[in-house]
>>> print(open('start18.cif').read())   # mmCIF, C-alpha atoms
data_run
#
loop_
_atom_site.label_atom_id
_atom_site.label_comp_id
_atom_site.auth_asym_id
_atom_site.auth_seq_id
_atom_site.Cartn_x
_atom_site.Cartn_y
_atom_site.Cartn_z
CA MET I 1 0.00 0.00 0.00
CA LEU I 2 1.44 3.38 -1.01
CA ASP I 3 1.89 6.13 1.55
CA TRP I 4 0.84 9.20 -0.45
CA THR I 5 2.42 11.65 2.01
CA ILE I 6 5.77 10.09 1.06
CA PHE I 7 4.99 9.39 -2.60
CA ALA I 8 3.96 12.99 -3.46
CA PRO I 9 7.07 14.87 -2.25
CA THR I 10 9.38 12.21 -3.72
CA PHE I 11 7.55 12.37 -7.05
CA LEU I 12 7.75 16.19 -7.24
CA THR I 13 11.41 16.39 -6.21
CA ALA I 14 12.40 13.60 -8.57
CA ALA I 15 10.43 15.15 -11.46
CA VAL I 16 12.42 18.40 -11.23
CA GLU I 17 15.74 16.55 -11.10
CA TRP I 18 14.85 14.12 -13.90
CA VAL I 19 13.82 17.03 -16.16
CA GLU I 20 17.26 18.58 -15.68
CA ALA I 21 18.98 15.23 -16.27
CA PHE I 22 16.86 14.55 -19.36
CA THR I 23 17.77 17.96 -20.83
CA ILE I 24 21.48 17.11 -20.53
CA VAL I 25 20.99 13.64 -22.06
CA LEU I 26 18.97 15.16 -24.89
CA ALA I 27 21.74 17.65 -25.70
CA VAL I 28 24.39 14.91 -25.59
CA SER I 29 22.28 12.65 -27.83
CA LEU I 30 22.46 15.25 -30.61
CA SER I 31 26.23 14.93 -30.52
CA ILE I 32 26.89 11.19 -29.99
CA GLY I 33 23.46 9.71 -30.78
CA TRP I 34 20.58 8.37 -28.69
CA ARG I 35 22.11 4.95 -28.10
CA ALA I 36 25.37 6.21 -26.58
CA ALA I 37 23.63 8.92 -24.55
CA SER I 38 21.14 6.33 -23.25
CA THR I 39 23.93 3.98 -22.12
CA ALA I 40 25.47 6.83 -20.14
CA ALA I 41 22.10 7.62 -18.53
CA LEU I 42 21.44 3.94 -17.78
CA ALA I 43 24.91 3.51 -16.23
CA ALA I 44 24.25 6.49 -13.95
CA LEU I 45 20.79 5.15 -13.02
CA ALA I 46 22.32 1.74 -12.21
CA ALA I 47 24.84 3.43 -9.91
CA LEU I 48 21.99 5.28 -8.18
CA ALA I 49 19.95 2.06 -7.81
CA ALA I 50 22.98 0.34 -6.23
CA MET I 51 23.40 3.25 -3.80
CA THR I 52 19.72 3.07 -2.83
CA ALA I 53 19.89 -0.70 -2.28
CA ALA I 54 23.07 -0.37 -0.21
CA THR I 55 21.49 2.34 1.95
CA GLY I 56 18.43 0.16 2.51
CA GLY I 57 20.73 -2.69 3.62
CA VAL I 58 22.51 -0.44 6.12
CA LEU I 59 19.16 0.74 7.53
CA GLY I 60 18.09 -2.89 7.89
CA LEU I 61 21.06 -3.61 10.15
CA GLY I 62 19.32 -1.79 12.98
CA VAL I 63 21.33 1.42 13.22
CA ASP I 64 19.96 3.76 15.94
CA ILE I 65 17.10 5.62 14.23
CA ARG I 66 17.81 8.90 16.08
CA TRP I 67 21.30 9.19 14.58
CA LEU I 68 19.89 8.47 11.16
CA GLN I 69 17.12 11.01 11.69
CA LEU I 70 19.69 13.61 12.69
CA THR I 71 22.01 12.91 9.75
CA ILE I 72 19.26 12.79 7.15
CA GLY I 73 17.48 15.74 8.77
CA ILE I 74 20.63 17.85 8.39
CA PHE I 75 20.88 16.83 4.73
CA LEU I 76 17.22 17.77 4.24
CA LEU I 77 17.78 21.18 5.81
CA LEU I 78 20.82 21.77 3.59
CA PHE I 79 18.87 20.71 0.54
CA GLY I 80 15.46 22.21 1.42
CA MET I 81 16.68 25.67 2.44
CA ARG I 82 18.77 25.88 -0.73
CA TRP I 83 15.75 25.08 -2.89
CA LEU I 84 13.40 27.33 -0.95
CA ALA I 85 15.88 30.24 -1.09
CA LYS I 86 16.36 29.75 -4.84
CA ALA I 87 12.61 29.59 -5.48
CA VAL I 88 12.05 32.74 -3.37
CA ALA I 89 14.89 34.59 -5.15
CA ARG I 90 13.54 33.60 -8.56
CA GLY I 91 9.95 34.38 -7.61
CA ALA I 92 11.04 37.82 -6.36
CA GLY I 93 12.96 38.49 -9.57
CA LEU I 94 16.36 38.56 -7.86
CA LYS I 95 17.55 35.67 -10.03
CA ALA I 96 16.63 34.58 -13.54
CA LEU I 97 14.14 31.72 -13.74
CA HIS I 98 15.85 28.41 -14.42
CA ASP I 99 15.90 28.07 -18.17
CA GLU I 100 16.09 24.52 -19.54
CA ALA I 101 16.62 25.94 -23.03
CA GLN I 102 19.69 27.79 -21.81
CA GLU I 103 21.03 24.66 -20.10
CA PHE I 104 20.42 22.73 -23.33
CA ALA I 105 22.32 25.33 -25.38
CA SER I 106 25.25 25.51 -22.93
CA THR I 107 25.56 21.70 -22.83
CA ARG I 108 25.62 21.63 -26.65
CA ALA I 109 28.28 24.34 -26.74
CA GLN I 110 30.35 22.35 -24.23
CA LEU I 111 29.97 19.24 -26.40
CA ALA I 112 31.12 21.05 -29.52
CA ARG I 113 34.49 21.45 -27.82
CA GLY I 114 34.83 17.85 -26.65
CA ASP I 115 35.12 14.31 -28.02
CA TRP I 116 32.91 11.19 -27.80
CA THR I 117 34.20 10.07 -24.36
CA ALA I 118 33.80 13.55 -22.92
CA SER I 119 30.24 13.68 -24.27
CA TRP I 120 29.41 10.28 -22.74
CA LEU I 121 30.84 11.41 -19.39
CA ILE I 122 28.80 14.62 -19.48
CA ALA I 123 25.59 12.58 -19.83
CA PHE I 124 26.71 10.13 -17.11
CA LYS I 125 27.76 12.86 -14.68
CA GLY I 126 24.62 14.89 -15.38
CA VAL I 127 22.26 12.02 -14.57
CA LEU I 128 24.34 10.93 -11.56
CA LEU I 129 24.50 14.40 -10.00
CA GLU I 130 20.83 15.19 -10.57
CA GLY I 131 19.95 11.67 -9.37
CA LEU I 132 21.98 12.14 -6.17
CA GLU I 133 19.39 14.64 -4.97
CA VAL I 134 16.64 12.14 -5.78
CA TRP I 135 18.55 9.50 -3.82
CA LEU I 136 18.84 11.83 -0.81
CA VAL I 137 15.11 12.43 -0.78
CA VAL I 138 14.25 8.75 -1.32
CA VAL I 139 16.46 7.75 1.62
CA ALA I 140 15.30 10.60 3.82
CA LEU I 141 11.59 10.07 3.29
CA SER I 142 11.99 6.29 3.63
CA LEU I 143 12.93 6.82 7.25
CA HIS I 144 9.42 8.07 7.92
CA GLY I 145 7.71 4.79 8.73
CA ARG I 146 10.33 2.92 6.67
CA ALA I 147 8.36 3.74 3.54
CA TRP I 148 10.87 2.44 0.99
CA ILE I 149 8.24 1.31 -1.47
CA SER I 150 6.38 4.64 -1.52
CA SER I 151 9.50 6.82 -1.88
CA THR I 152 11.13 4.58 -4.51
CA ALA I 153 7.82 4.35 -6.40
CA GLY I 154 7.55 8.17 -6.37
CA ALA I 155 11.05 8.56 -7.83
CA LEU I 156 10.50 5.87 -10.48
CA ALA I 157 7.05 7.21 -11.45
CA ALA I 158 8.58 10.68 -11.93
CA LEU I 159 11.34 9.18 -14.07
CA LEU I 160 8.82 7.41 -16.31
CA VAL I 161 6.63 10.52 -16.65
CA VAL I 162 9.64 12.70 -17.58
CA ILE I 163 10.93 10.15 -20.12
CA ALA I 164 7.46 9.81 -21.67
CA ALA I 165 6.95 13.59 -21.78
CA GLY I 166 10.46 14.11 -23.15
CA LEU I 167 9.96 11.58 -25.93
CA VAL I 168 6.64 13.15 -26.89
CA ILE I 169 7.79 16.76 -27.09
CA ARG I 170 11.40 15.92 -28.08
CA ALA I 171 12.61 19.35 -27.09
CA PRO I 172 13.96 20.91 -23.90
CA LEU I 173 11.26 20.71 -21.28
CA ARG I 174 10.57 24.42 -20.98
CA ARG I 175 6.96 24.08 -20.04
CA VAL I 176 7.49 22.48 -16.66
CA PRO I 177 6.81 25.24 -14.09
CA GLU I 178 10.03 24.41 -12.32
CA ASN I 179 10.08 27.30 -9.86
CA ALA I 180 6.61 26.53 -8.48
CA ILE I 181 7.53 22.87 -8.00
CA LYS I 182 10.86 23.88 -6.45
CA PHE I 183 9.05 26.15 -3.98
CA VAL I 184 6.60 23.42 -2.90
CA VAL I 185 9.34 20.81 -2.59
CA GLY I 186 11.62 23.26 -0.76
CA VAL I 187 8.82 23.88 1.76
CA MET I 188 8.15 20.16 2.29
CA ILE I 189 11.79 19.14 2.56
CA THR I 190 12.65 22.01 4.92
CA ALA I 191 9.64 21.07 7.10
CA PHE I 192 10.77 17.42 7.27
CA GLY I 193 14.37 18.51 8.00
CA THR I 194 13.33 20.81 10.86
CA PHE I 195 10.97 18.18 12.29
CA TRP I 196 13.50 15.35 12.27
CA THR I 197 16.54 17.24 13.53
CA MET I 198 14.51 18.63 16.46
CA GLU I 199 13.04 15.21 17.21
CA ALA I 200 16.53 13.65 17.12
CA VAL I 201 17.97 16.35 19.40
CA GLY I 202 15.03 16.80 21.79
CA GLY I 203 13.25 13.43 21.66
CA ALA I 204 9.66 12.64 20.64
CA ALA I 205 8.30 15.28 23.04
CA ALA I 206 10.18 18.07 21.23
CA TRP I 207 7.13 18.91 19.11
CA PRO I 208 4.07 19.95 21.12
CA TRP I 209 1.54 18.58 18.59
CA GLY I 210 3.45 15.45 17.58
CA ASP I 211 3.23 14.58 13.86
CA TRP I 212 0.71 17.42 13.32
CA SER I 213 3.58 19.83 13.89
CA LEU I 214 4.94 18.72 10.50
CA LEU I 215 1.82 20.14 8.85
CA GLY I 216 2.18 23.34 10.88
CA LEU I 217 5.81 23.68 9.78
CA GLY I 218 4.79 23.21 6.13
CA VAL I 219 2.15 25.94 6.38
CA PHE I 220 4.55 28.25 8.22
CA TYR I 221 7.31 27.85 5.59
CA ALA I 222 4.86 28.18 2.69
CA LEU I 223 3.33 31.40 4.01
CA GLY I 224 6.73 32.67 5.15
CA GLY I 225 8.26 31.91 1.74
CA LEU I 226 5.45 33.73 -0.09
CA ALA I 227 5.78 36.73 2.25
CA LEU I 228 9.55 36.78 1.67
CA MET I 229 9.00 36.64 -2.08
CA ALA I 230 6.66 39.64 -1.91
CA ALA I 231 8.95 41.61 0.41
CA LEU I 232 12.10 40.96 -1.63
CA SER I 233 10.27 41.70 -4.86
CA LYS I 234 9.12 45.13 -3.55
CA ARG I 235 12.60 45.96 -2.28
CA TRP I 236 14.17 44.92 -5.61
CA THR I 237 11.66 46.98 -7.61
CA ALA I 238 12.29 50.01 -5.39
CA GLY I 239 16.06 49.57 -5.84
CA VAL I 240 15.71 49.46 -9.63
CA ALA I 241 13.45 52.53 -9.68
CA ARG I 242 15.96 54.58 -7.67
CA MET O 1 33.98 22.90 -4.18
CA SER O 2 33.46 20.03 -6.65
CA PRO O 3 29.98 19.54 -8.17
CA PHE O 4 29.65 16.26 -6.20
CA TYR O 5 30.14 17.90 -2.79
CA LYS O 6 28.13 20.95 -3.82
CA THR O 7 25.21 18.68 -4.75
CA LEU O 8 25.40 16.88 -1.41
CA PHE O 9 26.09 19.77 0.94
CA GLY O 10 25.37 23.01 -0.92
CA ASP O 11 27.62 26.06 -0.72
CA ALA O 12 29.38 27.48 2.35
CA ALA O 13 26.52 29.88 3.11
CA THR O 14 23.91 27.08 3.22
CA ILE O 15 26.20 25.01 5.46
CA ALA O 16 26.67 28.02 7.78
CA VAL O 17 22.90 28.62 8.07
CA THR O 18 22.28 24.91 8.77
CA ALA O 19 25.00 24.97 11.45
CA ILE O 20 23.30 27.96 13.12
CA VAL O 21 19.96 26.11 13.07
CA MET O 22 21.54 23.03 14.64
CA VAL O 23 23.34 25.04 17.34
CA THR O 24 20.06 26.82 18.16
CA GLU O 25 18.28 23.46 18.55
CA VAL O 26 21.01 21.95 20.74
CA VAL O 27 21.35 25.04 22.97
CA LEU O 28 17.59 25.40 23.54
CA VAL O 29 17.11 21.68 24.25
CA ALA O 30 20.14 21.61 26.57
CA ALA O 31 18.70 24.64 28.42
CA ASP O 32 15.46 22.69 28.87
CA GLN O 33 13.60 25.13 26.60
CA ALA O 34 12.30 22.58 24.06
CA ALA O 35 8.89 24.28 23.97
CA TRP O 36 10.56 27.51 22.85
CA ALA O 37 12.69 25.64 20.35
CA ALA O 38 9.55 24.59 18.47
CA VAL O 39 8.84 28.29 17.86
CA VAL O 40 12.34 29.72 17.57
CA VAL O 41 13.90 27.10 15.27
CA PRO O 42 11.41 27.51 12.36
CA ALA O 43 11.87 31.30 12.65
CA VAL O 44 15.66 30.87 12.45
CA VAL O 45 15.24 28.59 9.40
CA LEU O 46 13.06 31.18 7.64
CA ALA O 47 15.46 34.01 8.49
CA GLY O 48 18.33 31.91 7.13
CA THR O 49 16.35 31.21 3.96
CA ALA O 50 15.72 34.96 3.52
CA TRP O 51 19.43 35.66 3.85
CA LEU O 52 20.29 32.91 1.36
CA ALA O 53 17.71 34.22 -1.12
CA ARG O 54 19.08 37.78 -0.97
CA ARG O 55 22.70 36.74 -1.66
#
>>> encode(input="start18.cif", output="structure tokens")
Amino acid sequence: MLDWTIFAPTFLTAAVEWVEAFTIVLAVSLSIGWRAASTAALAALAALAAMTAATGGVLGLGVDIRWLQLTIGIFLLLFGMRWLAKAVARGAGLKALHDEAQEFASTRAQLARGDWTASWLIAFKGVLLEGLEVWLVVVALSLHGRAWISSTAGALAALLVVIAAGLVIRAPLRRVPENAIKFVVGVMITAFGTFWTMEAVGGAAAWPWGDWSLLGLGVFYALGGLALMAALSKRWTAGVAR
Amino acid sequence: MSPFYKTLFGDAATIAVTAIVMVTEVVLVAADQAAWAAVVVPAVVLAGTAWLARR
């Protein structure tokens, strides 16, 4: 039975990362062909699958859950705050919106200067690095009730959707509203990170409303993030006008 | 910082903000102020996010 509270955030996070990975693979495929680019992507996905399996094995050995919660919680804070800050900065106009078309063009330009092996490695590295963030989220959210199936299913479903969409439109995936997804995922991941690190440091009684506090944190970060976006946007506009 | 470590840990500023959040949690819990921590820590996280966004 799928746990939708785990499936949804994993799916959204993975979708953003897979879109970025797919854009790189697409650009590489124009230089060395679909077959070679696909082998690089598959090799990277195999490495990620091995990492996920190994992590699951370590968790099964009965490591103290509080240490794991603390470690993964810190990773989630590092990851979530970065995403939330980026989404706020982009939403406020302080940074340019992430442009898949630009990434596509820069990868192609990079390829024009390299050879076949370099191209293959660019596709491999691209999928591996983007997939590392998916792996972090899969592992982190699996700790919540040991929901390995739900988090892995979310990541795999996102991968299939992105591949299917990519094959249909066969162009850089510009239409995905990346910043909105990044904002939502940043909120969720930051909420999980705060919840787990506090629970690991202060024990189960650290949160006055138990698991409901997670919802409260999500609402707080979402409203706070939107308020920040509005405040920074006003300040930026005033600065430009001056 | 190599792309691998940057992907895993983020940049120095994100690491610094996370360290401040963790120190705040540990200090408040050690001072037996866990109830306050539940209010203060999310505020520190949001303030850190604002600082990161403005950089």
>>> atom_distance(input="start18.cif", atom1="CA of Trp51 in chain O", atom2="CA of Ala180 in chain I")
20.0 Å
>>> closest_atom_pairs(input="start18.cif", of="chain O", to="chain I", cutoff="7 Å", atoms="all atoms listed in the file", output="CSV")
residue,atom,partner,partner_atom,distance
O:Phe4,CA,I:Leu129,CA,6.7
O:Thr7,CA,I:Leu129,CA,6.8
O:Phe9,CA,I:Leu78,CA,6.2
O:Gly10,CA,I:Leu78,CA,6.5
O:Thr14,CA,I:Leu78,CA,6.2
O:Ile15,CA,I:Leu78,CA,6.6
O:Thr18,CA,I:Leu78,CA,6.2
O:Glu25,CA,I:Met198,CA,6.5
O:Val26,CA,I:Val201,CA,6.5
O:Val29,CA,I:Gly202,CA,5.8
O:Ala34,CA,I:Ala206,CA,5.7
O:Ala35,CA,I:Ala206,CA,6.9
O:Ala38,CA,I:Trp207,CA,6.2
O:Leu46,CA,I:Tyr221,CA,7.0
O:Thr49,CA,I:Ala85,CA,5.2
O:Ala50,CA,I:Ala85,CA,6.6
O:Leu52,CA,I:Ala85,CA,5.7
O:Ala53,CA,I:Ala85,CA,4.4
O:Arg54,CA,I:Ala89,CA,6.7
>>> residues_around(input="start18.cif", residues="Phe124 in chain I", least_positions_apart="3", cutoff="6 Å", atoms="only C-alpha atoms", output="ChimeraX atom specification")
/I:40-41,44,121,127
>>> residues_around(input="start18.cif", residues="Ser29 in chain I", least_positions_apart="3", cutoff="10 Å", atoms="all atoms listed in the file", output="number ranges by chain")
I: 23-26, 32-38, 108, 119-120, 123
>>> atom_distance(input="start18.cif", atom1="CA of Pro9 in chain I", atom2="CA of Gly210 in chain I")
20.2 Å
>>> axis_aligned_box(input="start18.cif", around="range 17-35 of chain O", padding_each_side="3 Å", output="JSON")
{"center_x": 16.9, "center_y": 25.1, "center_z": 18.5, "size_x": 22.1, "size_y": 13.0, "size_z": 26.8}
>>> atom_distance(input="start18.cif", atom1="CA of Leu48 in chain I", atom2="CA of Trp116 in chain I")
23.2 Å
>>> resolve_selection(input="start18.cif", expression="the PyMOL selection byres ((chain I and resi 162) around 8)", output="VMD selection string")
chain I and resid 15 18 to 19 22 158 to 161 163 to 166
>>> write_last_selection(input="start18.cif", atoms="C-alpha atoms", output="tab-separated table (two decimals), in the frame of the given file")
chain	number	residue	atom	x	y	z
I	15	ALA	CA	10.43	15.15	-11.46
I	18	TRP	CA	14.85	14.12	-13.90
I	19	VAL	CA	13.82	17.03	-16.16
I	22	PHE	CA	16.86	14.55	-19.36
I	158	ALA	CA	8.58	10.68	-11.93
I	159	LEU	CA	11.34	9.18	-14.07
I	160	LEU	CA	8.82	7.41	-16.31
I	161	VAL	CA	6.63	10.52	-16.65
I	163	ILE	CA	10.93	10.15	-20.12
I	164	ALA	CA	7.46	9.81	-21.67
I	165	ALA	CA	6.95	13.59	-21.78
I	166	GLY	CA	10.46	14.11	-23.15
>>> resolve_selection(input="start18.cif", expression="the PyMOL selection byres ((chain O and resi 21) around 9)", output="list in words")
Thr194 of chain I; Ala16, Val17, Thr18, Ala19, Ile20, Met22, Val23, Thr24, Glu25, Val26, Val41, Pro42, Val44, Val45 and Gly48 of chain O
>>> residues_near_point(input="start18.cif", point="(7.8, 18.1, -0.4)", cutoff="9 Å", atoms="only C-alpha atoms", output="PyMOL selection string")
chain I and resi 5-6+8-13+80+181-192+218
>>> decode(input="start18.cif", residues="range 40-54 of chain O", atoms="N, CA and C atoms", output="mmCIF file, in the first residue's frame")
data_model
loop_
_atom_site.group_PDB
_atom_site.id
_atom_site.type_symbol
_atom_site.label_atom_id
_atom_site.label_comp_id
_atom_site.auth_asym_id
_atom_site.auth_seq_id
_atom_site.Cartn_x
_atom_site.Cartn_y
_atom_site.Cartn_z
ATOM 1 N N VAL O 40 11.164 28.952 17.994
ATOM 2 C CA VAL O 40 12.343 29.719 17.574
ATOM 3 C C VAL O 40 13.026 29.095 16.344
ATOM 4 N N VAL O 41 13.152 27.756 16.348
ATOM 5 C CA VAL O 41 13.900 27.095 15.267
ATOM 6 C C VAL O 41 13.291 27.359 13.878
ATOM 7 N N PRO O 42 11.956 27.200 13.690
ATOM 8 C CA PRO O 42 11.407 27.515 12.355
ATOM 9 C C PRO O 42 11.650 28.975 11.957
ATOM 10 N N ALA O 43 11.618 29.885 12.955
ATOM 11 C CA ALA O 43 11.874 31.302 12.646
ATOM 12 C C ALA O 43 13.316 31.489 12.186
ATOM 13 N N VAL O 44 14.245 30.777 12.837
ATOM 14 C CA VAL O 44 15.663 30.873 12.447
ATOM 15 C C VAL O 44 15.845 30.315 11.023
ATOM 16 N N VAL O 45 15.150 29.197 10.739
ATOM 17 C CA VAL O 45 15.244 28.591 9.399
ATOM 18 C C VAL O 45 14.749 29.577 8.336
ATOM 19 N N LEU O 46 13.628 30.238 8.617
ATOM 20 C CA LEU O 46 13.058 31.178 7.644
ATOM 21 C C LEU O 46 13.972 32.403 7.468
ATOM 22 N N ALA O 47 14.534 32.874 8.579
ATOM 23 C CA ALA O 47 15.460 34.011 8.495
ATOM 24 C C ALA O 47 16.688 33.621 7.667
ATOM 25 N N GLY O 48 17.178 32.408 7.897
ATOM 26 C CA GLY O 48 18.332 31.914 7.129
ATOM 27 C C GLY O 48 17.996 31.809 5.650
ATOM 28 N N THR O 49 16.781 31.340 5.353
ATOM 29 C CA THR O 49 16.351 31.214 3.957
ATOM 30 C C THR O 49 16.298 32.597 3.300
ATOM 31 N N ALA O 50 15.796 33.589 4.048
ATOM 32 C CA ALA O 50 15.720 34.958 3.515
ATOM 33 C C ALA O 50 17.115 35.469 3.184
ATOM 34 N N TRP O 51 18.050 35.208 4.081
ATOM 35 C CA TRP O 51 19.435 35.660 3.845
ATOM 36 C C TRP O 51 20.026 34.966 2.619
ATOM 37 N N LEU O 52 19.774 33.656 2.511
ATOM 38 C CA LEU O 52 20.295 32.907 1.358
ATOM 39 C C LEU O 52 19.679 33.427 0.054
ATOM 40 N N ALA O 53 18.394 33.754 0.090
ATOM 41 C CA ALA O 53 17.706 34.224 -1.120
ATOM 42 C C ALA O 53 18.232 35.583 -1.571
ATOM 43 N N ARG O 54 18.635 36.418 -0.620
ATOM 44 C CA ARG O 54 19.082 37.780 -0.967
ATOM 45 C C ARG O 54 20.507 37.813 -1.480
#
